[in-house]
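*Asks:* Below is the structure I would like to discuss, written out as C-alpha cells.
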Amino acid sequence: MKLPEGWKSVAAVMAMFMGLLLIPRGSERFENSVMEALYMAGDYAESHVVTCLVPAFFIAGAISVFVRGDAVMKYLGAGGFTAYAVAAVSGSVLAVCSCTVLPLFAGIYGKGAGIGPATAFLYAGPAINVTAVILTARVLGVEMGAARAVGALLFSVVIGLAMSLLFGNEKRKETTSFAGTRGAAGSGGEGGVAAVLFVTMGLVLVFSNWNAAGAGGIMELVQRYRWIAAGIAAAVLGTVTVLKMGVSPWRMLLTAVVVLTAAVLFPDVPTLAFGLGAVGFAASLATGGPEAVEWLRESRWFMVRIMPLLFAGVAVAGFMLGRPGSEGMIPADVVHGLVGGNGLAANVFASIAGAFMYFATLTEVPILQGLTGAGMGKGPALALLLAGPALSIPNMLVIRSVMGTKKTMTYVLLVVVMASVSGMLYGALF
C-alpha cells in the first residue's frame with residue numbers, strides 16, 4: 001500500500017506531540033537531567049568553543065584551500081608505515097579533545113586521506129595527549145600513565161589498519177554532507193606560506209589549550225607563559241596574511257590593538273581577548289585576497305555543519321550522564337557498581353560508558369581518581385581512559401556525517417573492543 005504524500009512530516013509532528021505528553025513532569029530526576037543538559041552545553045560553549053573549536057575550524061578551512069589533494073594522498077593515502085606514523089604523530093602533537101579533532105579529520109578525509117590513516121589521526125588527536133599522560137602518571141600511578149601512552153599509540157595504528165582492511169577498497173559514496181564537496185576549493189597556495197600558516201595555527205591551538213597545572217618542570221613553565229606564546233604565534237599568522245594574502249594591515253593592526261587592550265583590562269578572562277582576536281581575524285580575511293576570502297568561506301562551511309551536531313550531542317550526554325559531581329538520568333551509583341573488579345562485564349561497561357560520556361580535555365583524570373577511590377578496578381579504569389577521550393556522543397554524530405553510519409559503527413566498535421581487552425589484560429597483570 002502506498003503511503004500518502006507528506007506522511008513523514010505528519011508522523012514527526014505526532015511523535016513530538018506524544019513525547020511532550022509523556023514527559024514525566026514533576027520528576028525531580030528528570031528536571032535535574034534537563035538542567036544538566038543545559039549546564040553541560042553551557043560549560044562546553046565556555047570552555048571549548050572559543051579556544052578549541054574556532055582554531056580547529058580555521059585549520060580545517062585552510063586544509064581545504066591550501067593543501068593539495070595529491071599531497072594528502074602522498075602522505076595519508078592508501079597506507080604504509082609513513083602514512084600511519086604521520087597520522088599518529090600529527091594527531092598527538094595537536095592534543096585536542098574528541099570534538100576539536102573533528103573539523104581537522106573532516107578536512108583531511110575530504111581531501112582524500114585513506115580511511116586507515118584518517119581514522120588513526122581521528123583517534124590519536126584526543127587519545128595521545130602528552131599532558132594528559134603525564135597527569136595520569138602523577139595522579140593514578142606511573143603504570144597507568146605508561147599503559148595509557150602505549151595503549152593509545154598502538155590503538156591509533158591498529159584501528160587505522162583495521163578500518164583500511166575493512167573499507168580500504170570501498171569507493172567513497174558522495175552521500176554525506178562532507179563527501180565530495182571538499183578539496184576542489186583551493187589551488188594549494190605557496191608551499192612555504194601554507195606551512196607557516198599551519199604551524200602558527202597549530203601553535204595557537206596547542207598553547208591556548210595547554211593545561212599542565214601541577215605537572216612541574218617545563219610543562220608548568222609553558223603553562224605560565226602559554227598565552228604569551230599563543231599571542232606571538234597569532235601575530236606571526238596575522239603578519240603572513242597581510243604580506244601574502246592581501247589582508248588589510250590596518251584591520252589586522254586594529255585587531256591586535258583590541259586584543260592587547262582586552263588582555264590588559266581583563267587579564268583573568270583570556271578567552272575574551274582570544275575571542276575578539278578570532279572575530280577580528282575573520283573580519284580581516286573577509287576583505288583580503290581571493291584565497292583569504294575562500295579560506296574564511298571554507299572555515300564557516302565546517303562550522304555550520306559541525307557545531308549543531310556537537311551541541312546536540314553534548315546536551316544528550318549531559319541529560320543522560322550529567323556532569324562530574326551531578327547526576328543525569330542514569331544514577332551515579334549504578335555506574336560505580338558496574339565498574340568494580342576487573343572482570344569482562346566491568347571492562348566492557350567502562351569502555352561503553354567512556355565512549356558515550358563527554359570528557360573535556362584532562363577532566364578524565366580527576367573523574368577516574370574519584371571512581372577508583374570508590375572501588376573502580378584498574379582494568380576498567382584503563383579501559384575508560386582509552387575509550388573515553390577519543391569518543392563521545394557528539395563525536396559520533398559528526399563522524400557519521402563525515403564517513404557514514406557503517407564506518408562510524410565499525411570505528412566505535414573497534415575502540416570499545418580494544419579498550420575492553422586492554423583493560424582486562426592490564427587488570428590481570430596489575
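Labels for the C-alpha cells follow display order: chains A, B, ..., residues from 1 in each chain, ligands from 1.
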For segment 242-256 of chain A, find every residue with an atom within 10 Å (counting only C-alpha atoms), except residues of its own chain fewer than 2 positions away, and show them as a ChimeraX atom specification.
*Replies:* /A:189-190,193,231,234-240,258-262,273,276-293
*Asks:* Please write the residues from the selection above to a file, keeping N, CA and C atoms, as an mmCIF file, in the first residue's frame.
*Replies:*
data_model
loop_
_atom_site.group_PDB
_atom_site.id
_atom_site.type_symbol
_atom_site.label_atom_id
_atom_site.label_comp_id
_atom_site.auth_asym_id
_atom_site.auth_seq_id
_atom_site.Cartn_x
_atom_site.Cartn_y
_atom_site.Cartn_z
ATOM 1 N N GLY A 189 48.078 26.970 -2.933
ATOM 2 C CA GLY A 189 48.854 28.085 -2.412
ATOM 3 C C GLY A 189 50.352 27.830 -2.482
ATOM 4 N N GLU A 190 51.133 28.792 -1.983
ATOM 5 C CA GLU A 190 52.580 28.631 -1.916
ATOM 6 C C GLU A 190 52.921 27.700 -0.760
ATOM 7 N N VAL A 193 54.313 29.459 2.481
ATOM 8 C CA VAL A 193 53.277 30.231 3.157
ATOM 9 C C VAL A 193 52.295 29.307 3.853
ATOM 10 N N GLY A 231 49.980 34.311 21.710
ATOM 11 C CA GLY A 231 49.916 35.638 21.111
ATOM 12 C C GLY A 231 51.001 35.860 20.069
ATOM 13 N N ALA A 234 50.022 33.966 16.999
ATOM 14 C CA ALA A 234 48.927 34.658 16.318
ATOM 15 C C ALA A 234 49.441 35.886 15.563
ATOM 16 N N ALA A 235 50.421 36.594 16.158
ATOM 17 C CA ALA A 235 50.995 37.770 15.496
ATOM 18 C C ALA A 235 51.703 37.374 14.203
ATOM 19 N N VAL A 236 52.427 36.264 14.233
ATOM 20 C CA VAL A 236 53.091 35.774 13.015
ATOM 21 C C VAL A 236 52.048 35.386 11.970
ATOM 22 N N LEU A 237 50.981 34.722 12.410
ATOM 23 C CA LEU A 237 49.904 34.333 11.499
ATOM 24 C C LEU A 237 49.297 35.557 10.825
ATOM 25 N N GLY A 238 48.976 36.581 11.616
ATOM 26 C CA GLY A 238 48.397 37.792 11.043
ATOM 27 C C GLY A 238 49.341 38.489 10.079
ATOM 28 N N THR A 239 50.620 38.518 10.413
ATOM 29 C CA THR A 239 51.607 39.158 9.539
ATOM 30 C C THR A 239 51.696 38.458 8.195
ATOM 31 N N VAL A 240 51.673 37.144 8.194
ATOM 32 C CA VAL A 240 51.745 36.380 6.947
ATOM 33 C C VAL A 240 50.525 36.654 6.072
ATOM 34 N N VAL A 258 42.916 45.785 19.786
ATOM 35 C CA VAL A 258 41.748 45.350 20.564
ATOM 36 C C VAL A 258 42.105 44.167 21.461
ATOM 37 N N VAL A 259 42.848 43.214 20.906
ATOM 38 C CA VAL A 259 43.243 42.033 21.685
ATOM 39 C C VAL A 259 44.130 42.429 22.862
ATOM 40 N N LEU A 260 45.118 43.260 22.617
ATOM 41 C CA LEU A 260 46.022 43.690 23.694
ATOM 42 C C LEU A 260 45.276 44.481 24.765
ATOM 43 N N THR A 261 44.345 45.322 24.338
ATOM 44 C CA THR A 261 43.551 46.093 25.300
ATOM 45 C C THR A 261 42.721 45.176 26.191
ATOM 46 N N ALA A 262 42.066 44.193 25.574
ATOM 47 C CA ALA A 262 41.257 43.246 26.352
ATOM 48 C C ALA A 262 42.125 42.430 27.295
ATOM 49 N N ALA A 273 39.900 38.066 25.133
ATOM 50 C CA ALA A 273 40.865 38.567 24.155
ATOM 51 C C ALA A 273 40.988 37.610 22.975
ATOM 52 N N LEU A 276 37.854 37.958 20.723
ATOM 53 C CA LEU A 276 37.899 39.197 19.955
ATOM 54 C C LEU A 276 38.926 39.093 18.824
ATOM 55 N N GLY A 277 40.038 38.432 19.127
ATOM 56 C CA GLY A 277 41.051 38.232 18.093
ATOM 57 C C GLY A 277 40.535 37.379 16.954
ATOM 58 N N ALA A 278 39.762 36.327 17.286
ATOM 59 C CA ALA A 278 39.208 35.454 16.246
ATOM 60 C C ALA A 278 38.219 36.214 15.361
ATOM 61 N N VAL A 279 37.380 37.046 15.990
ATOM 62 C CA VAL A 279 36.413 37.844 15.222
ATOM 63 C C VAL A 279 37.146 38.831 14.304
ATOM 64 N N GLY A 280 38.157 39.518 14.860
ATOM 65 C CA GLY A 280 38.925 40.461 14.060
ATOM 66 C C GLY A 280 39.666 39.779 12.921
ATOM 67 N N PHE A 281 40.210 38.609 13.177
ATOM 68 C CA PHE A 281 40.926 37.861 12.142
ATOM 69 C C PHE A 281 39.978 37.464 11.019
ATOM 70 N N ALA A 282 38.774 36.993 11.386
ATOM 71 C CA ALA A 282 37.782 36.615 10.378
ATOM 72 C C ALA A 282 37.363 37.822 9.548
ATOM 73 N N ALA A 283 37.145 38.961 10.224
ATOM 74 C CA ALA A 283 36.762 40.177 9.502
ATOM 75 C C ALA A 283 37.867 40.627 8.554
ATOM 76 N N SER A 284 39.117 40.442 8.961
ATOM 77 C CA SER A 284 40.239 40.818 8.095
ATOM 78 C C SER A 284 40.314 39.912 6.877
ATOM 79 N N LEU A 285 40.122 38.606 7.081
ATOM 80 C CA LEU A 285 40.140 37.677 5.942
ATOM 81 C C LEU A 285 39.038 38.007 4.942
ATOM 82 N N ALA A 286 37.895 38.474 5.445
ATOM 83 C CA ALA A 286 36.747 38.747 4.573
ATOM 84 C C ALA A 286 37.035 39.833 3.552
ATOM 85 N N THR A 287 37.998 40.705 3.840
ATOM 86 C CA THR A 287 38.310 41.801 2.922
ATOM 87 C C THR A 287 39.678 41.620 2.265
ATOM 88 N N GLY A 288 40.237 40.401 2.380
ATOM 89 C CA GLY A 288 41.537 40.135 1.789
ATOM 90 C C GLY A 288 41.433 39.667 0.345
ATOM 91 N N GLY A 289 42.490 39.009 -0.130
ATOM 92 C CA GLY A 289 42.521 38.492 -1.481
ATOM 93 C C GLY A 289 41.621 37.276 -1.649
ATOM 94 N N PRO A 290 41.565 36.726 -2.871
ATOM 95 C CA PRO A 290 40.675 35.587 -3.149
ATOM 96 C C PRO A 290 40.916 34.388 -2.236
ATOM 97 N N GLU A 291 42.189 34.065 -1.962
ATOM 98 C CA GLU A 291 42.469 32.903 -1.112
ATOM 99 C C GLU A 291 42.028 33.149 0.317
ATOM 100 N N ALA A 292 42.188 34.384 0.808
ATOM 101 C CA ALA A 292 41.756 34.708 2.172
ATOM 102 C C ALA A 292 40.245 34.582 2.302
ATOM 103 N N VAL A 293 39.526 35.102 1.311
ATOM 104 C CA VAL A 293 38.062 35.018 1.335
ATOM 105 C C VAL A 293 37.603 33.568 1.252
#
*Asks:* Between A:Gly116, A:Gly145, A:Gly404, A:Pro394, which residue has the minimum interatomic distance to Leu102 of chain A, considering only C-alpha atoms?
*Replies:* A:Pro394
*Asks:* Mind giving me the straight-line distance from atom CA of Phe198 of chain A to atom CA of Tyr109 of chain A in Å, one decimal?
*Replies:*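 Calculated distance between atom CA of Phe198 of chain A and atom CA of Tyr109 of chain A is 16.9 Å.
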*Asks:* Can you pull out every residue within 12 Å of Arg305 of chain A, counting only C-alpha atoms, but drop anything in the same chain fewer than 4 positions away, and send it as a ChimeraX atom specification?
*Replies:* /A:57,102-103,106,176-178,298-301,309-311,397-399,401-402
*Asks:* How about saving the chosen residues, C-alpha atoms kept, as a short mmCIF file (atom, residue, chain, number, x, y, z; two decimals), in the first residue's frame?
*Replies:*
data_model
loop_
_atom_site.label_atom_id
_atom_site.label_comp_id
_atom_site.auth_asym_id
_atom_site.auth_seq_id
_atom_site.Cartn_x
_atom_site.Cartn_y
_atom_site.Cartn_z
CA PHE A 57 37.63 25.41 12.07
CA LEU A 102 36.54 16.54 14.13
CA PRO A 103 36.95 19.55 11.79
CA ALA A 106 36.82 16.11 8.12
CA THR A 176 27.06 12.55 3.26
CA SER A 177 27.22 16.28 3.94
CA PHE A 178 31.01 16.16 3.79
CA GLU A 298 35.54 27.09 3.94
CA SER A 299 36.03 27.59 7.69
CA ARG A 300 32.45 28.82 8.00
CA TRP A 301 31.26 25.80 5.99
CA LEU A 309 25.68 18.24 15.91
CA LEU A 310 28.23 18.87 18.65
CA PHE A 311 25.86 20.88 20.84
CA LEU A 397 27.24 12.24 15.40
CA VAL A 398 29.80 14.24 13.45
CA ILE A 399 31.87 11.20 12.41
CA SER A 401 28.06 12.76 8.89
CA VAL A 402 31.62 12.56 7.55
#
*Asks:* Using only C-alpha atoms, which of the listed residues (A:Gly337, A:Gly328, A:Gly151, A:Gly313) sits closest to Val133 of chain A?
*Replies:*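 Counting only C-alpha atoms, the residue closest to Val133 of chain A is A:Gly151.
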*Asks:* Excluding Ala346 of chain A and any residue of its chain fewer than 6 positions from it, enumerate the residues within 12 Å of it, using only C-alpha atoms, and give them as a VMD selection string.
*Replies:* chain A and resid 334 to 340 352 to 354 375 to 384 419 to 421 423 to 424 427
*Asks:* Write the residues of the selection above to a file with C-alpha atoms, as a tab-separated table (two decimals), in the first residue's frame.
*Replies:*
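Saved to again26.tsv:
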chain	number	residue	atom	x	y	z
A	334	VAL	CA	24.66	2.42	39.04
A	335	VAL	CA	27.83	3.39	37.20
A	336	HIS	CA	30.02	2.90	40.27
A	337	GLY	CA	28.53	-0.52	40.94
A	338	LEU	CA	29.18	-1.76	37.42
A	339	VAL	CA	32.87	-0.90	37.17
A	340	GLY	CA	34.20	-2.69	40.24
A	352	ILE	CA	30.94	1.73	26.60
A	353	ALA	CA	30.35	4.34	29.31
A	354	GLY	CA	33.55	6.11	28.32
A	375	GLY	CA	36.15	0.93	44.11
A	376	MET	CA	36.64	1.00	40.35
A	377	GLY	CA	39.08	-1.68	39.20
A	378	LYS	CA	42.38	-0.84	37.49
A	379	GLY	CA	41.38	-2.63	34.31
A	380	PRO	CA	38.11	-0.73	33.82
A	381	ALA	CA	39.96	2.49	34.67
A	382	LEU	CA	42.38	1.94	31.79
A	383	ALA	CA	39.52	0.88	29.50
A	384	LEU	CA	37.74	4.14	30.20
A	419	ALA	CA	39.70	-0.83	25.23
A	420	SER	CA	37.89	-3.73	26.93
A	421	VAL	CA	40.60	-6.25	26.02
A	423	GLY	CA	41.58	-3.28	30.41
A	424	MET	CA	41.27	-6.98	31.11
A	427	GLY	CA	43.77	-5.72	35.35
*Asks:* For Met409 of chain A, which of A:Met320, A:Met163, A:Ala390, A:Ala230 is the closest residue, counting only C-alpha atoms?
*Replies:*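 Nearest to Met409 of chain A: A:Met163.
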